[in-house]
$ cat entry_14.csv   # CSV, C-alpha atoms and all ligand atoms
chain,number,residue,atom,x,y,z
U,1,MET,CA,70.0,51.3,56.4
U,2,SER,CA,73.4,51.7,54.6
U,3,LEU,CA,76.2,49.3,55.0
U,4,ASP,CA,79.6,50.6,56.2
U,5,VAL,CA,82.1,50.2,53.4
U,6,GLU,CA,85.6,49.7,54.7
U,7,LYS,CA,88.0,52.3,53.4
U,8,PRO,CA,91.3,51.1,52.0
U,9,ARG,CA,93.8,51.3,54.8
U,10,PRO,CA,97.0,53.4,54.3
U,11,THR,CA,100.0,51.2,53.7
U,12,LEU,CA,103.7,51.5,54.4
U,13,GLN,CA,104.5,49.3,51.5
U,14,THR,CA,107.3,50.6,49.3
U,15,ASP,CA,108.1,47.4,47.4
U,16,SER,CA,105.4,45.5,45.7
U,17,ARG,CA,107.1,42.2,46.6
U,18,GLU,CA,106.9,42.9,50.3
U,19,SER,CA,103.8,43.0,52.6
U,20,SER,CA,103.1,46.2,54.4
U,21,GLN,CA,103.7,44.3,57.7
U,22,THR,CA,107.2,43.3,56.6
U,23,VAL,CA,108.1,46.9,55.9
U,24,PHE,CA,106.5,48.0,59.2
U,25,ARG,CA,108.7,45.5,61.0
U,26,ARG,CA,111.8,46.6,59.4
U,27,ASN,CA,111.6,50.0,61.0
U,28,ASP,CA,110.2,48.9,64.2
U,29,PHE,CA,112.1,47.0,66.8
U,30,GLU,CA,113.0,47.8,70.4
U,31,LEU,CA,116.2,46.8,72.1
U,32,ILE,CA,115.7,45.9,75.7
U,33,THR,CA,118.3,44.6,78.2
U,34,GLY,CA,118.6,43.2,81.7
U,35,GLN,CA,121.4,44.0,84.1
U,36,SER,CA,123.8,41.2,83.2
U,37,ASN,CA,126.0,42.9,80.6
U,38,PRO,CA,125.1,46.6,80.2
U,39,GLY,CA,128.4,47.4,78.4
U,40,LEU,CA,127.8,44.8,75.6
U,41,ALA,CA,124.2,45.8,75.2
U,42,SER,CA,125.1,49.5,75.0
U,43,GLN,CA,127.7,48.8,72.3
U,44,ILE,CA,125.2,46.8,70.3
U,45,ALA,CA,122.7,49.7,70.6
U,46,GLU,CA,125.4,52.2,69.5
U,47,ILE,CA,126.3,50.2,66.4
U,48,LEU,CA,122.6,49.8,65.5
U,49,GLU,CA,122.1,53.5,66.3
U,50,HIS,CA,119.1,52.5,68.4
U,51,LYS,CA,117.8,53.4,71.8
U,52,LEU,CA,118.3,50.9,74.6
U,53,ASP,CA,115.8,50.3,77.3
U,54,SER,CA,117.0,48.9,80.7
U,55,PRO,CA,113.7,48.2,82.4
U,56,ILE,CA,114.8,46.2,85.4
U,57,THR,CA,114.9,47.4,89.0
U,58,LEU,CA,114.7,45.3,92.2
U,59,PHE,CA,112.1,45.5,94.9
U,60,LYS,CA,113.5,45.9,98.4
U,61,ASP,CA,113.1,42.2,99.0
U,62,GLY,CA,115.1,41.4,96.0
U,63,GLU,CA,112.3,40.4,93.6
U,64,VAL,CA,112.6,41.6,90.0
U,65,ASP,CA,110.5,44.5,88.9
U,66,VAL,CA,110.2,45.3,85.2
U,67,LYS,CA,108.6,48.3,83.4
U,68,ILE,CA,109.4,48.7,79.7
U,69,SER,CA,109.3,52.3,78.8
U,70,ARG,CA,108.2,52.3,75.2
U,71,ASN,CA,105.1,51.1,73.4
U,72,LEU,CA,105.7,47.6,72.0
U,73,ARG,CA,102.4,47.0,70.2
U,74,ARG,CA,103.1,45.2,66.9
U,75,LYS,CA,106.8,45.6,67.4
U,76,HIS,CA,109.7,43.2,67.4
U,77,ALA,CA,111.2,43.1,71.0
U,78,VAL,CA,114.8,42.2,71.1
U,79,LEU,CA,115.8,41.2,74.6
U,80,ILE,CA,119.5,41.1,75.4
U,81,GLN,CA,120.6,39.2,78.5
U,82,SER,CA,123.7,37.1,79.3
U,83,THR,CA,122.5,34.5,81.8
U,84,SER,CA,126.0,34.3,83.2
U,85,PRO,CA,127.6,33.2,86.5
U,86,PRO,CA,127.8,34.1,89.3
U,87,HIS,CA,124.2,35.5,89.1
U,88,VAL,CA,122.9,33.1,86.6
U,89,ASN,CA,119.6,32.5,88.4
U,90,ASP,CA,118.9,36.2,89.0
U,91,TYR,CA,119.7,37.0,85.3
U,92,TYR,CA,117.3,34.2,84.1
U,93,MET,CA,114.6,35.6,86.3
U,94,GLU,CA,115.1,39.1,84.8
U,95,LEU,CA,114.9,37.6,81.4
U,96,PHE,CA,111.8,35.7,82.2
U,97,MET,CA,110.1,38.9,83.5
U,98,MET,CA,111.2,40.9,80.5
U,99,VAL,CA,109.7,38.3,78.1
U,100,ASP,CA,106.5,38.2,80.1
U,101,ALA,CA,106.3,42.0,80.1
U,102,ALA,CA,107.0,42.2,76.3
U,103,ARG,CA,104.4,39.6,75.5
U,104,ARG,CA,101.7,41.3,77.7
U,105,ALA,CA,102.6,44.6,76.0
U,106,SER,CA,101.5,43.0,72.7
U,107,ALA,CA,104.9,42.7,71.1
U,108,ASP,CA,104.5,41.1,67.7
U,109,GLU,CA,107.7,39.1,67.9
U,110,ILE,CA,110.2,38.4,70.8
U,111,THR,CA,113.8,37.5,70.2
U,112,ALA,CA,115.9,36.5,73.2
U,113,VAL,CA,119.6,37.2,72.6
U,114,LEU,CA,121.7,35.3,75.1
U,115,PRO,CA,125.4,36.0,74.4
U,116,TYR,CA,126.1,33.6,77.3
U,117,PHE,CA,123.4,30.9,77.8
U,118,GLY,CA,123.5,29.7,81.4
U,119,TYR,CA,123.0,26.0,82.2
U,120,SER,CA,124.2,25.1,78.7
U,121,ARG,CA,126.5,22.4,80.0
U,122,LYS,CA,123.6,20.4,81.5
U,123,ASP,CA,122.6,19.3,78.0
U,124,ARG,CA,122.0,15.6,78.4
U,125,LYS,CA,120.7,13.1,80.8
U,126,ASP,CA,124.0,11.5,81.6
U,127,GLN,CA,122.9,10.0,85.0
U,128,PRO,CA,119.6,8.8,86.4
U,129,ARG,CA,117.3,11.4,87.9
U,130,VAL,CA,119.1,14.5,86.8
U,131,ALA,CA,117.6,17.6,85.2
U,132,LEU,CA,118.3,18.5,81.6
U,133,SER,CA,118.7,22.1,82.7
U,134,ALA,CA,119.6,23.6,79.3
U,135,SER,CA,116.3,22.2,77.9
U,136,ALA,CA,114.4,23.4,80.9
U,137,VAL,CA,115.4,27.0,80.6
U,138,ALA,CA,114.9,27.0,76.8
U,139,ASN,CA,111.4,25.7,77.2
U,140,ILE,CA,110.6,28.2,80.0
U,141,LEU,CA,111.6,31.0,77.6
U,142,VAL,CA,109.4,29.6,74.8
U,143,GLY,CA,106.5,29.0,77.2
U,144,LEU,CA,106.6,32.6,78.3
U,145,GLY,CA,106.5,33.7,74.6
U,146,VAL,CA,109.9,33.8,73.0
U,147,ASP,CA,109.7,33.4,69.3
U,148,ARG,CA,113.4,33.1,68.5
U,149,VAL,CA,116.7,32.5,70.3
U,150,LEU,CA,120.1,33.9,69.4
U,151,THR,CA,123.2,32.6,71.1
U,152,VAL,CA,127.0,32.5,70.7
U,153,ASP,CA,128.8,29.1,70.7
U,154,ILE,CA,126.2,27.3,72.7
U,155,HIS,CA,128.0,24.4,74.5
U,156,ALA,CA,126.3,21.7,72.3
U,157,GLU,CA,124.6,22.8,69.1
U,158,GLN,CA,122.1,20.0,69.5
U,159,ALA,CA,120.5,22.2,72.1
U,160,GLN,CA,118.7,24.0,69.2
U,161,GLY,CA,116.5,20.9,69.0
U,162,TYR,CA,115.1,21.4,72.5
U,163,ILE,CA,112.5,23.8,71.1
U,164,LEU,CA,110.6,24.1,67.9
U,165,GLN,CA,111.3,27.9,67.5
U,166,PRO,CA,114.2,29.1,65.4
U,167,TRP,CA,117.5,29.2,67.3
U,168,ASP,CA,120.5,30.9,65.6
U,169,ASN,CA,123.9,30.1,67.1
U,170,LEU,CA,126.7,32.4,66.1
U,171,HIS,CA,130.4,31.6,66.3
U,172,ALA,CA,132.8,33.7,68.3
U,173,SER,CA,135.6,32.8,65.9
U,174,TYR,CA,134.2,35.4,63.7
U,175,ALA,CA,135.3,38.0,66.3
U,176,LEU,CA,138.3,36.3,67.7
U,177,VAL,CA,140.2,35.1,64.6
U,178,PRO,CA,140.8,38.6,63.1
U,179,ARG,CA,142.2,39.7,66.5
U,180,ILE,CA,144.5,36.6,66.9
U,181,ALA,CA,145.6,36.2,63.3
U,182,PRO,CA,148.2,39.1,63.3
U,183,GLN,CA,149.8,37.8,66.5
U,184,VAL,CA,150.6,34.2,65.2
U,185,ASP,CA,152.8,32.7,62.5
U,186,LYS,CA,150.1,31.4,60.3
U,187,ASN,CA,152.5,29.3,58.2
U,188,ASN,CA,153.5,27.4,61.3
U,189,LEU,CA,150.3,27.2,63.3
U,190,VAL,CA,148.2,24.4,64.8
U,191,ILE,CA,144.8,24.7,66.3
U,192,ILE,CA,144.3,22.6,69.4
U,193,ALA,CA,141.1,21.1,70.8
U,194,PRO,CA,141.6,20.9,74.6
U,195,ASP,CA,139.2,17.9,74.8
U,196,PHE,CA,137.3,15.5,72.7
U,197,GLY,CA,134.1,17.7,72.6
U,198,ALA,CA,136.0,20.7,71.2
U,199,ALA,CA,137.3,18.9,68.1
U,200,THR,CA,134.5,20.2,65.8
U,201,ARG,CA,135.1,23.7,67.1
U,202,ALA,CA,138.8,23.4,66.5
U,203,ARG,CA,138.1,22.3,62.9
U,204,LYS,CA,136.1,25.4,62.3
U,205,TYR,CA,138.8,27.6,63.7
U,206,ALA,CA,141.4,25.9,61.6
U,207,ALA,CA,139.2,26.6,58.5
U,208,ALA,CA,138.9,30.2,59.6
U,209,PHE,CA,142.7,30.5,59.7
U,210,GLY,CA,142.9,28.6,56.4
U,211,LEU,CA,144.6,25.6,58.0
U,212,LEU,CA,144.1,21.9,57.8
U,213,ALA,CA,146.1,20.8,60.9
U,214,ILE,CA,144.5,20.4,64.2
U,215,GLY,CA,145.7,18.6,67.4
U,216,MET,CA,143.8,17.3,70.3
U,217,VAL,CA,144.4,17.0,74.0
U,218,TYR,CA,142.3,14.1,75.2
U,219,LYS,CA,141.3,14.1,78.8
U,220,GLU,CA,139.4,11.7,81.0
U,221,ARG,CA,137.4,13.6,83.5
U,222,ASP,CA,135.6,12.6,86.7
U,223,VAL,CA,131.8,13.0,86.2
U,224,LYS,CA,131.4,15.3,89.3
U,225,PRO,CA,130.7,18.9,88.4
U,226,ASN,CA,133.9,21.2,88.3
U,227,SER,CA,136.1,18.1,88.8
U,228,LYS,CA,139.7,18.5,87.6
U,229,SER,CA,140.9,16.6,84.6
U,230,ASN,CA,142.2,13.2,85.5
U,231,SER,CA,144.5,12.0,82.8
U,232,MET,CA,145.6,13.6,79.6
U,233,PHE,CA,147.0,12.4,76.2
U,234,PHE,CA,148.0,14.5,73.2
U,235,ILE,CA,147.4,13.7,69.5
U,236,GLY,CA,149.3,15.8,66.9
U,237,ASP,CA,152.5,17.6,66.2
U,238,VAL,CA,153.3,21.0,67.7
U,239,LYS,CA,157.1,21.0,67.8
U,240,ASP,CA,158.4,24.5,67.2
U,241,LYS,CA,154.9,25.7,66.2
U,242,ASP,CA,152.6,28.4,67.4
U,243,VAL,CA,149.4,26.9,68.8
U,244,VAL,CA,146.0,28.3,69.6
U,245,ILE,CA,143.9,26.2,72.0
U,246,VAL,CA,140.2,26.9,71.4
U,247,ASP,CA,137.4,26.3,73.8
U,248,ASP,CA,133.8,27.5,74.4
U,249,ILE,CA,134.1,28.0,78.1
U,250,LEU,CA,137.0,28.7,80.5
U,251,ASN,CA,135.7,28.0,84.0
U,252,THR,CA,138.5,27.1,86.5
U,253,GLY,CA,141.0,27.2,83.7
U,254,SER,CA,142.2,23.6,84.4
U,255,THR,CA,141.4,22.3,81.0
U,256,MET,CA,143.1,25.1,79.2
U,257,CYS,CA,146.2,25.4,81.4
U,258,ASP,CA,146.8,21.6,81.7
U,259,GLY,CA,146.5,21.4,78.0
U,260,ALA,CA,149.0,24.2,77.6
U,261,THR,CA,151.5,22.5,79.9
U,262,MET,CA,151.2,19.3,77.8
U,263,LEU,CA,151.7,21.3,74.6
U,264,GLU,CA,154.8,23.0,76.1
U,265,ALA,CA,156.2,19.5,77.0
U,266,ASN,CA,155.6,18.5,73.4
U,267,GLY,CA,157.7,21.4,72.1
U,268,ALA,CA,155.2,24.1,71.2
U,269,ARG,CA,156.8,27.4,70.5
U,270,ARG,CA,154.2,30.0,71.6
U,271,ILE,CA,150.8,29.1,73.1
U,272,PHE,CA,147.7,31.2,72.8
U,273,ALA,CA,144.1,30.5,73.8
U,274,ALA,CA,140.8,31.5,72.2
U,275,VAL,CA,137.8,31.3,74.5
U,276,THR,CA,134.2,32.3,73.8
U,277,HIS,CA,132.9,32.5,77.4
U,278,GLY,CA,135.3,33.5,80.2
U,279,VAL,CA,133.8,32.4,83.5
U,280,PHE,CA,137.1,32.6,85.4
U,281,SER,CA,135.9,30.9,88.5
U,282,ASP,CA,137.9,29.5,91.4
U,283,ASP,CA,141.6,30.4,91.0
U,284,ALA,CA,141.5,30.6,87.2
U,285,LEU,CA,143.4,33.8,87.0
U,286,GLU,CA,146.3,32.5,89.1
U,287,ARG,CA,146.3,29.4,87.0
U,288,ILE,CA,146.5,31.4,83.8
U,289,SER,CA,149.4,33.5,85.3
U,290,ALA,CA,151.4,30.4,86.1
U,291,SER,CA,150.7,28.6,82.8
U,292,PRO,CA,152.8,28.7,79.6
U,293,ILE,CA,149.9,30.5,77.8
U,294,GLN,CA,151.1,33.8,76.4
U,295,LYS,CA,147.6,35.3,75.9
U,296,VAL,CA,144.0,34.3,76.4
U,297,TYR,CA,141.7,36.0,73.9
U,298,VAL,CA,138.1,36.0,75.3
U,299,THR,CA,134.9,37.6,74.2
U,300,ASP,CA,132.8,40.0,76.3
U,301,SER,CA,129.8,37.5,76.4
U,302,ILE,CA,130.2,37.8,80.1
U,303,ASN,CA,130.6,41.2,81.8
U,304,GLN,CA,134.1,40.8,83.3
U,305,ARG,CA,135.2,42.0,86.7
U,306,GLU,CA,138.1,44.5,87.0
U,307,GLU,CA,140.8,41.9,87.8
U,308,VAL,CA,140.0,39.9,84.7
U,309,ARG,CA,140.0,43.1,82.5
U,310,ASN,CA,143.3,44.1,84.0
U,311,HIS,CA,145.0,40.7,83.8
U,312,PRO,CA,148.2,41.0,81.7
U,313,LYS,CA,147.6,37.7,79.9
U,314,ILE,CA,143.9,38.3,79.1
U,315,GLU,CA,142.6,40.3,76.1
U,316,ILE,CA,138.8,40.9,75.7
U,317,VAL,CA,137.3,41.0,72.2
U,318,SER,CA,133.9,42.4,71.8
U,319,LEU,CA,131.0,40.5,70.3
U,320,ALA,CA,129.0,43.7,69.7
U,321,PRO,CA,129.7,44.0,66.0
U,322,LEU,CA,128.7,40.4,65.3
U,323,LEU,CA,125.6,40.5,67.5
U,324,ALA,CA,124.5,43.9,66.1
U,325,GLU,CA,124.8,42.5,62.6
U,326,ALA,CA,122.9,39.3,63.5
U,327,ILE,CA,120.1,41.3,65.2
U,328,GLN,CA,119.7,43.5,62.2
U,329,ARG,CA,119.6,40.5,59.9
U,330,VAL,CA,117.1,38.6,62.1
U,331,HIS,CA,114.9,41.7,62.1
U,332,THR,CA,115.0,42.3,58.4
U,333,GLY,CA,114.9,38.7,57.4
U,334,GLU,CA,118.3,38.6,55.8
U,335,GLY,CA,120.3,35.4,56.0
U,336,LEU,CA,123.0,34.8,58.6
U,337,THR,CA,125.1,32.5,56.5
U,338,SER,CA,127.7,35.1,55.7
U,339,LEU,CA,128.3,35.6,59.4
U,340,PHE,CA,129.6,32.1,59.6
U,341,GLN,CA,132.2,32.6,56.8
U,342,HIS,CA,135.6,34.3,57.3
V,401,LIG,C1,133.8,21.3,78.7
V,401,LIG,O1,133.2,20.5,78.1
V,401,LIG,C2,133.9,22.8,78.3
V,401,LIG,O2,134.0,22.9,76.9
V,401,LIG,C3,135.2,23.4,78.9
V,401,LIG,O3,136.3,22.7,78.4
V,401,LIG,C4,135.1,23.4,80.4
V,401,LIG,O4,134.0,23.9,80.8
V,401,LIG,C5,136.3,24.1,80.9
V,401,LIG,O5,136.2,24.0,82.3
V,401,LIG,P1,137.5,24.3,83.2
V,401,LIG,O6,138.0,25.7,82.8
V,401,LIG,O7,137.0,24.3,84.6
V,401,LIG,O8,138.5,23.2,83.0

$ encode --input "entry_14.csv" --output "structure tokens" --more "lines below"
Ligand code: R5P
Amino acid sequence: MSLDVEKPRPTLQTDSRESSQTVFRRNDFELITGQSNPGLASQIAEILEHKLDSPITLFKDGEVDVKISRNLRRKHAVLIQSTSPPHVNDYYMELFMMVDAARRASADEITAVLPYFGYSRKDRKDQPRVALSASAVANILVGLGVDRVLTVDIHAEQAQGYILQPWDNLHASYALVPRIAPQVDKNNLVIIAPDFGAATRARKYAAAFGLLAIGMVYKERDVKPNSKSNSMFFIGDVKDKDVVIVDDILNTGSTMCDGATMLEANGARRIFAAVTHGVFSDDALERISASPIQKVYVTDSINQREEVRNHPKIEIVSLAPLLAEAIQRVHTGEGLTSLFQH
């Protein structure tokens, strides 16, 4: 009886320093999106010159159905989904089903790209018997098979510690600062944190503008969800200066607009806002109209409704180039550090 001798397998290797699997992965990823933000996902696909699969439909009873159209065996599946209000729960369910489908289709690696990460504000146990929702959804994703998470300005960067898997958090300032810079007097500019938690973000923006000066509006807020700011104080000097108030989320707009009113009272010349995630709930649009803010620059992490897109004081800046670059680098194994530098 003769023994079968295994023939050498053909290899895709082109560089002796890289394994054949690395080379294989470089050329082989699939972009898949849910229904939350088709415009942003299409732009990312266009930049990457890659096909985009939209595998979600709904059954008549509203349950999510998913059928990925291309073979995923030994491929890197990149799932793009903003789990954004007002359909945050539906969008999470779509994402969960896509992860499950990708894992069962033998994807080699699954990256979940969440330009908006829903539930991110519930990031600590600040009262007895409450859920740590941000941790819960992150752990569901990992439990289903996600290998890596990519977000933009997650509410608290410590959230990355909820899971053991790699979690890259990009900064929207990379997209927003180049758009705002030509509109402001950079020699006479102060970056403002609209609350205590935003101070680190304000410092990063200031560095991106090449500034040292930041100011801060300090608010004391009721602990109830969506409660309005109670009392406000201001630290800094904005007299006759341009100011940019920076925040990760604009929800009802109270924080931003109350801050702007305070800055106006302190003599600010022109007031701009830079926002990563525009939720625009409640009467946020009316509030912005009535405020002294000249322009709110906000990213497209959330697919905006018509009246937001047409609002005269709101300008939407796309995250697609930043996310496309990050996805490409995650896929090829290049570093992301340069995406954090301006
Ligand atoms: C709070 O910690 C966040 O960073 C935002 O400042 C907050 O979510 C904004 O909410 P609103 O627009 O309702 O004042």

$ residues_around --input "entry_14.csv" --residues "His171 in chain U" --least-positions-apart "6" --cutoff "10 Å" --atoms "only C-alpha atoms" --output "number ranges by chain"
U: 151-154, 201, 204-205, 248, 276, 319, 322, 339-341

$ write_last_selection --input "entry_14.csv" --atoms "C-alpha atoms" --output "PDB file, in the coordinates of the input"
ATOM      1  CA  THR U 151     123.200  32.600  71.100  1.00  0.00           C
ATOM      2  CA  VAL U 152     127.000  32.500  70.700  1.00  0.00           C
ATOM      3  CA  ASP U 153     128.800  29.100  70.700  1.00  0.00           C
ATOM      4  CA  ILE U 154     126.200  27.300  72.700  1.00  0.00           C
ATOM      5  CA  ARG U 201     135.100  23.700  67.100  1.00  0.00           C
ATOM      6  CA  LYS U 204     136.100  25.400  62.300  1.00  0.00           C
ATOM      7  CA  TYR U 205     138.800  27.600  63.700  1.00  0.00           C
ATOM      8  CA  ASP U 248     133.800  27.500  74.400  1.00  0.00           C
ATOM      9  CA  THR U 276     134.200  32.300  73.800  1.00  0.00           C
ATOM     10  CA  LEU U 319     131.000  40.500  70.300  1.00  0.00           C
ATOM     11  CA  LEU U 322     128.700  40.400  65.300  1.00  0.00           C
ATOM     12  CA  LEU U 339     128.300  35.600  59.400  1.00  0.00           C
ATOM     13  CA  PHE U 340     129.600  32.100  59.600  1.00  0.00           C
ATOM     14  CA  GLN U 341     132.200  32.600  56.800  1.00  0.00           C
TER      15      GLN U 341
END

$ residues_around --input "entry_14.csv" --residues "Glu306 in chain U" --least-positions-apart "5" --cutoff "12 Å" --atoms "all atoms listed in the file" --output "list of chain:residue names"
U:Leu285, U:His311, U:Pro312, U:Ile314, U:Ile316

$ residues_near_ligand --input "entry_14.csv" --ligand "ligand LIG 401 (chain V)" --cutoff "6 Å" --atoms "only C-alpha atoms and all ligand atoms" --output "PyMOL selection string"
chain U and resi 226+247-255

$ write_last_selection --input "entry_14.csv" --atoms "C-alpha atoms" --output "CSV table (one decimal), in the coordinates of the input"
chain,number,residue,atom,x,y,z
U,226,ASN,CA,133.9,21.2,88.3
U,247,ASP,CA,137.4,26.3,73.8
U,248,ASP,CA,133.8,27.5,74.4
U,249,ILE,CA,134.1,28.0,78.1
U,250,LEU,CA,137.0,28.7,80.5
U,251,ASN,CA,135.7,28.0,84.0
U,252,THR,CA,138.5,27.1,86.5
U,253,GLY,CA,141.0,27.2,83.7
U,254,SER,CA,142.2,23.6,84.4
U,255,THR,CA,141.4,22.3,81.0

$ atom_distance --input "entry_14.csv" --atom1 "CA of Leu58 in chain U" --atom2 "CA of Arg74 in chain U"
27.8 Å

$ closest_residue --input "entry_14.csv" --among "U:Asp28, U:Leu95, U:Asp90, U:Leu336" --to "Ser54 in chain U" --atoms "only C-alpha atoms"
U:Leu95

$ residues_around --input "entry_14.csv" --residues "Trp167 in chain U" --least-positions-apart "6" --cutoff "7 Å" --atoms "only C-alpha atoms" --output "list in words"
Arg148, Val149, Leu150 and Gln160 of chain U

$ closest_residue --input "entry_14.csv" --among "U:Pro166, U:Pro55, U:Gly267, U:Pro182" --to "Gly34 in chain U" --atoms "only C-alpha atoms"
U:Pro55

$ closest_residue --input "entry_14.csv" --among "U:Gly62, U:Gly197, U:Pro86, U:Pro321" --to "Arg121 in chain U" --atoms "all atoms listed in the file"
U:Gly197

$ closest_residue --input "entry_14.csv" --among "U:Pro194, U:Pro128, U:Gly236, U:Gly215" --to "Ala273 in chain U" --atoms "only C-alpha atoms"
U:Pro194

$ closest_residue --input "entry_14.csv" --among "U:Lys295, U:Lys125, U:Lys313, U:Lys75" --to "Ile245 in chain U" --atoms "all atoms listed in the file"
U:Lys295

$ atom_distance --input "entry_14.csv" --atom1 "CA of Ser106 in chain U" --atom2 "CA of Val146 in chain U"
12.5 Å

$ atom_distance --input "entry_14.csv" --atom1 "CA of Leu52 in chain U" --atom2 "CA of Leu144 in chain U"
22.0 Å

$ closest_residue --input "entry_14.csv" --among "U:Ser173, U:Ser135, U:Thr299, U:Ser231" --to "His277 in chain U" --atoms "all atoms listed in the file"
U:Thr299

$ residues_near_point --input "entry_14.csv" --point "(139.4, 45.2, 70.4)" --cutoff "10 Å" --atoms "all atoms listed in the file" --output "ChimeraX atom specification"
/U:175-176,178-179,299,315-319

$ residues_around --input "entry_14.csv" --residues "Arg70 in chain U" --least-positions-apart "4" --cutoff "10 Å" --atoms "only C-alpha atoms" --output "PyMOL selection string"
chain U and resi 30+32+53+55+105

$ residues_near_point --input "entry_14.csv" --point "(128.1, 47.2, 80.7)" --cutoff "12 Å" --atoms "only C-alpha atoms" --output "list of chain:residue names"
U:Thr33, U:Gly34, U:Gln35, U:Ser36, U:Asn37, U:Pro38, U:Gly39, U:Leu40, U:Ala41, U:Ser42, U:Gln43, U:Ile44, U:Ala45, U:Ser54, U:Ile80, U:Gln81, U:Ser82, U:Asp300, U:Ser301, U:Ile302, U:Asn303, U:Gln304, U:Arg305, U:Ser318, U:Ala320

$ residues_around --input "entry_14.csv" --residues "Val246 in chain U" --least-positions-apart "3" --cutoff "7 Å" --atoms "all atoms listed in the file" --output "MDAnalysis selection string"
chainID U and resid 192:194 202 273:275
